[in-house]
Amino acid sequence: MSQINRLEGGQIDRNQPLNFKFDGKSYAGFAGDTLASALLANDVRLMGRSFKYHRPRGPLTAGSEEPNAIVELRSGNRQEPNTRATTAELYEGLTAKSQNRWPSLAFDAMAINDRFSNFLTAGFYYKTFMWPAVFWEKVYEPIIRKAAGLGSLSLLDDPDEYDKGFRHTDLLIIGAGPSGLMAALTAGRAGSDVILADEDFAFGGRLNSETFAINDEASDVWVQATIAELSAMSNVRMMTRTTVIGAFDHGIYGAVERVSDHLIMPAAGKPRQILWRIYAAKTILAAGATERPIAFENNDRPGIMLASAMRSYANRWAATPAQRVTIFTNNDDGHSTAADLHAKGVKIAAVIDSRADAPRSLDYEVVQGAQVVDSKGRLGVKFVEVKLADGSSRTIECGALGVSGGWNPNVHMTCHQRGRPTWNESLAAFVPGGTLPPGMTVTGAANGDLSTHMALKTGAAAAKAALGLKGRSAKTPTAEDAPVSQTPFWYVEGCSRAWLDQQNDVTVKDVKLSHQEGFRSVEHLKRYTTLGMATDQGKTSNMGGLAIMAELAGKSIPEVGTTIFRPPYTPTSIGVLAGRMRGKEFHPTRLTPSHYWAKERGAVFVEVGNWLRAQWFPIAGETHWRESVDREVTATRASVGVCDCTTLGKIDVQGSDAATFLNKVYCNAFAKLAVGKVRYGLMLREDGIAMDDGTAGRLAEDHFVVTTTTAKAAAVYQHLEFVRQCLYPDLDVQLISTTEAWAQYAVAGPNSRALLQKIVDPEFDISNEAFPFMGCGNITVCGGLRARLFRISFSGELAFEIAVPSRYGDALMRRLMDVGEEFNVTPYGTEALGVMRIEKGHAAGNELNGTTSALNLGMGRMVSKKKDSIGSTLSERAGMNEENALMQVGIQPLDPADKITSGGHLMAADGPVDAAHDQGYVTSAAFSPTLSSMIGLGMLKDGGNRQGEKMRLVSPLTDLTVDVEIVSAHFVDPEGERVRG
Amino acid sequence: MIINHPLLGPRDSAEFTYLGDAKMIERPDWESETAAQDFYEYAYLRDNPAGIHRELWFHEGGDRSYLVVTRDTVTHEISNVELARDVARKLGRSK
């Protein structure tokens, strides 16, 4: 058998062999393996190259805290870089590649960096790529980009789906080790609604990796019985493969469930992952603890790993990194690894214990008061160098070294709302402290209670307390309760290239350098050296760095403090954060009532906010958009055109105080508007800048219909509600958005009335006398269909807007086209709409751009001084009423062939072109088929008095200078005769 | 965050949009002698406290009420939620 490092026992299913490939080579493992455990069983220790120095690396851990064994999983469009081999579940056909190496993992050309390590120390980039500045973009950055980063992206669309879900619970339990299971059992039996979540695919936590007994039986018996009991409870939801990634405000937790990551591809209809938003009344954090390493020279060779991880591989996965193993420890826990491996038939070369009084063993040699000071071996450890108590050296041959420096409680989630952990002297570790997120209790090892007995006991007690359960609790199962004392031992004296953060290649030497160069605050240390900033967030490295900083600064560790832990707890895919909101589903798509009709006509669509609007309607023979748009404009001005303007916001304003209310929100007067009339209205912000414009039609004494621009529909509605509820709480007025309730079409052009007369029911007279410009009213069309008619014009032609209930919108458009045939009726899109409004000089979003006042827009006199309205007081400020204030003007090139560019600036005909001589700018530009020239609208200082002046339009960015003339903004029908015809 | 709506009970803050300081309710009198200064302060000046803050939230994905939410900006603890309309009435903004 090729799995030469496979041991007896374990929680793998030997009846389910699985084939997989790593770097193109085939291997076999079993169901229940991770990629890392299967590779170790196959005698593969080397799994990756380090970030900076490209040093060969193997797994340091057996869990999600892994810094080294980071691989590229799957291929093609499912390729997933930077995946931890220690958590990737094995499945039939799995393929993985090592990262950050070329041409191969065993021979990596970039490993040359390791030889130049003296130059690549902390701050290397800051110091080296300083000058010349122009080199940065062209030379340095491409080189760094090529060299940096671990995995690579497929650059293909992810074919899988990701979902989001919401759950509510009485009690969320994070972690299903002994403490979490016991808490779930206590709460579940009491009938509470419980969610038990664990990032692992098997519940049991550390018990799966240990040989402990519970109730005098193998712990697995208790774990399986507990899982069975919990599974039978309908009030307990068991979530494996679910990482709680963050503790957010008010008991809201984020959790990622990896539904299909353990499969070659998701089952039909199943998502790859789900992001859960869990609303928890109470939370128990039972996240366990992470073992910490001891730094020594060359402590990063493949085969050197945490002693607890070695125990996990042996007990849970029946795998060992080597047949001959050495242990380096400063506490009793390291000895359990030696004992467990020895029991499985692995040769223990020696246990090196830094304590002079370390316990002896009958089964293997214990070297007391000694330290591992160095390691050797090209692509994996072959020898370790030991400094004995008497100062002499000894070399030990081994294929793996287990290192144990004690345990750190996993306090991360307690800090997500700025809680700061406190230092526990007897554990020489940080434990949860200060203010925990509301509703959270921490139990078991995560709280510094490192024995199994305490984990079980505190789990049960916390559940009782959190839920306010009365009465005696069930008996805590019996379990080991070994006293734990940990003494600090962070690094071996005299070491320098001893790795603290293996993923970001930060050594003891780098931390010392950082201190020497003045980066002494822990947050500075982190950023200068990048310690703890890799994807593992320093779960195994932060403490070592802190300890060295403390020593150099002559402070204690708690005085130095810790960096802040932030969500997510483990790396989270962008896909699951996006969920279904990608591609076309990134935002909702709103379709106009005439959309399907427009599609049939071959319209080209444009996104306007969430809306899809017809941009133009090409006909046979047209090859350029300008041909279509010019034709639409010309045909509309010559006869009649129809445009869907449903997207404009419509707000129904009703109540006996409706007119009073509109008087407050529009700067111009509305109180005296007659029933059956429409008025243009300008809304200001309180600072006097224009917010939005539109029309308000009075359909009845107590009923107005307000229109807004498409872009500002939601914002204006929100603003009107603010004015109504917060400023005038007792006006009798009600608001509702009716944008989507009415399909509304602009019918424009000299034949617009004639066209409408064909569909408006005969009892309604829409002649010029009966229905003049700025008239409005309720009518019926097509034999009784209720409709609203407004005689308003954006194009400058005789024009109407007709609205019918949305569901009749499609039919109305088709009817208008049918009956309009004799007038050559032409549908037009947003481009032609834009051209005609520029020709007419109507301001739109480009002019109402958040910097312009009523005065700038040429509507200064509209702001009524006889009443209070939003913005009226501040628009009177001197600074907004200076003599040479910007005023809207028209701009025409002297040579009609010249181009007008929106965004270009206006300068005097001669003189310098610079910001100091800036006279104004172009807001809108279009080709006018009516004038056979490009035209523009813009803002010009004192623009009201400069008609006829020749100026230069410049755009230094696009190298454009055009001679232009300042003209009236009303290029077409300046007297407004057409609209009144 | 969860906002305890006086009419609708606890709702996720994702249903709301934030407007700003609840002082915006106290719009000055346009006919006052000091109107220019008052409106300047009303439009531009805001306190930015690390601690208790009364602020306006709009229940856009709900009943379209404006609420005055009393929130600790440091801890996000919400100690009171009122209908803005009631607050405005208490401040004498009835017509």
# chains A, B, ... in the order shown; residues from 1 in each chain; ligands from 1

call {"tool": "select_by_dssp", "arguments": {"residues": "chain B", "states": "helix (DSSP H, G or I)", "output": "list of chain:residue names"}}
result
B:Ser13, B:Ala14, B:Glu15, B:Ala22, B:Lys23, B:Met24, B:Ile25, B:Ala35, B:Ala36, B:Gln37, B:Asp38, B:Phe39, B:Tyr40, B:Glu41, B:Tyr42, B:Ala43, B:Tyr44, B:Ala84, B:Arg85, B:Asp86, B:Val87, B:Ala88, B:Arg89, B:Lys90

call {"tool": "residues_around", "arguments": {"residues": "B:Gly92", "least_positions_apart": "3", "cutoff": "10 Å", "atoms": "only C-alpha atoms", "output": "list of chain:residue names"}}
result
A:Leu727, A:Tyr728, A:Pro729, B:Glu26, B:Asp86, B:Val87, B:Ala88, B:Arg89, B:Lys95

call {"tool": "interface_residues", "arguments": {"of": "chain B", "to": "chain A", "cutoff": "9 Å", "atoms": "only C-alpha atoms", "output": "JSON, numbers by chain"}}
result
{"B": [1, 2, 24, 25, 26, 27, 29, 30, 31, 35, 36, 39, 40, 42, 43, 44, 58, 60, 64, 65, 66, 75, 76, 77, 83, 84, 85, 86, 87, 88, 89, 93, 94, 95]}

call {"tool": "residues_around", "arguments": {"residues": "A:Phe212", "least_positions_apart": "5", "cutoff": "9 Å", "atoms": "only C-alpha atoms", "output": "list in words"}}
result
Leu207, Glu217, Ala218, Ser219, Asp220, Thr452, Ala479 and Glu480 of chain A

call {"tool": "residues_around", "arguments": {"residues": "stretch 629-646 of chain A", "least_positions_apart": "5", "cutoff": "8 Å", "atoms": "only C-alpha atoms", "output": "PyMOL selection string"}}
result
chain A and resi 592-594+616-617+739-740+742-752+755+797+823-833+835-836+928-930

call {"tool": "residues_around", "arguments": {"residues": "A:Leu436", "least_positions_apart": "6", "cutoff": "9 Å", "atoms": "only C-alpha atoms", "output": "PyMOL selection string"}}
result
chain A and resi 413-420+442

call {"tool": "select_by_dssp", "arguments": {"residues": "stretch 196-227 of chain A", "states": "strand (DSSP E or B)", "output": "PyMOL selection string"}}
result
chain A and resi 196-197+213-214+217-218

call {"tool": "atom_distance", "arguments": {"atom1": "atom CA of A:Gly775", "atom2": "atom CA of A:Glu977"}}
result
15.9 Å

call {"tool": "atom_distance", "arguments": {"atom1": "atom CA of A:Val256", "atom2": "atom CA of A:Met454"}}
result
28.6 Å

call {"tool": "closest_residue", "arguments": {"among": "B:Glu33, B:Gly61, B:Asp21, B:Pro28", "to": "B:Leu45", "atoms": "only C-alpha atoms"}}
result
B:Asp21

call {"tool": "residues_around", "arguments": {"residues": "B:Asp72", "least_positions_apart": "6", "cutoff": "7 Å", "atoms": "only C-alpha atoms", "output": "PyMOL selection string"}}
result
chain B and resi 51-53+78

call {"tool": "write_last_selection", "arguments": {"atoms": "N, CA and C atoms", "output": "PDB file, in the first residue's frame"}}
result
ATOM      1  N   GLY B  51     -20.980  58.715  21.710  1.00  0.00           N
ATOM      2  CA  GLY B  51     -21.898  58.442  22.814  1.00  0.00           C
ATOM      3  C   GLY B  51     -23.328  58.558  22.347  1.00  0.00           C
ATOM      4  N   ILE B  52     -24.184  59.082  23.198  1.00  0.00           N
ATOM      5  CA  ILE B  52     -25.619  59.123  22.897  1.00  0.00           C
ATOM      6  C   ILE B  52     -25.915  60.105  21.772  1.00  0.00           C
ATOM      7  N   HIS B  53     -26.668  59.647  20.804  1.00  0.00           N
ATOM      8  CA  HIS B  53     -27.007  60.468  19.649  1.00  0.00           C
ATOM      9  C   HIS B  53     -28.450  60.189  19.256  1.00  0.00           C
ATOM     10  N   ILE B  78     -29.129  50.829  21.413  1.00  0.00           N
ATOM     11  CA  ILE B  78     -30.273  51.706  21.150  1.00  0.00           C
ATOM     12  C   ILE B  78     -31.135  51.764  22.400  1.00  0.00           C
TER      13      ILE B  78
END

call {"tool": "residues_around", "arguments": {"residues": "A:Ile396", "least_positions_apart": "6", "cutoff": "12 Å", "atoms": "only C-alpha atoms", "output": "list in words"}}
result
Arg324, Val325, Thr326, Ile327, Phe328, Ile348, Ala349, Ala350, Val351, Ile352, Glu365, Val367, Gln371, Val372, Val373, Asp374, Ser375, Lys376, Val381, Lys382, Phe383, Val384, Glu385, Val386, Lys387 and Leu388 of chain A

call {"tool": "closest_residue", "arguments": {"among": "B:Arg54, B:His5, B:His59, B:Arg71", "to": "B:Thr17", "atoms": "only C-alpha atoms"}}
result
B:His59
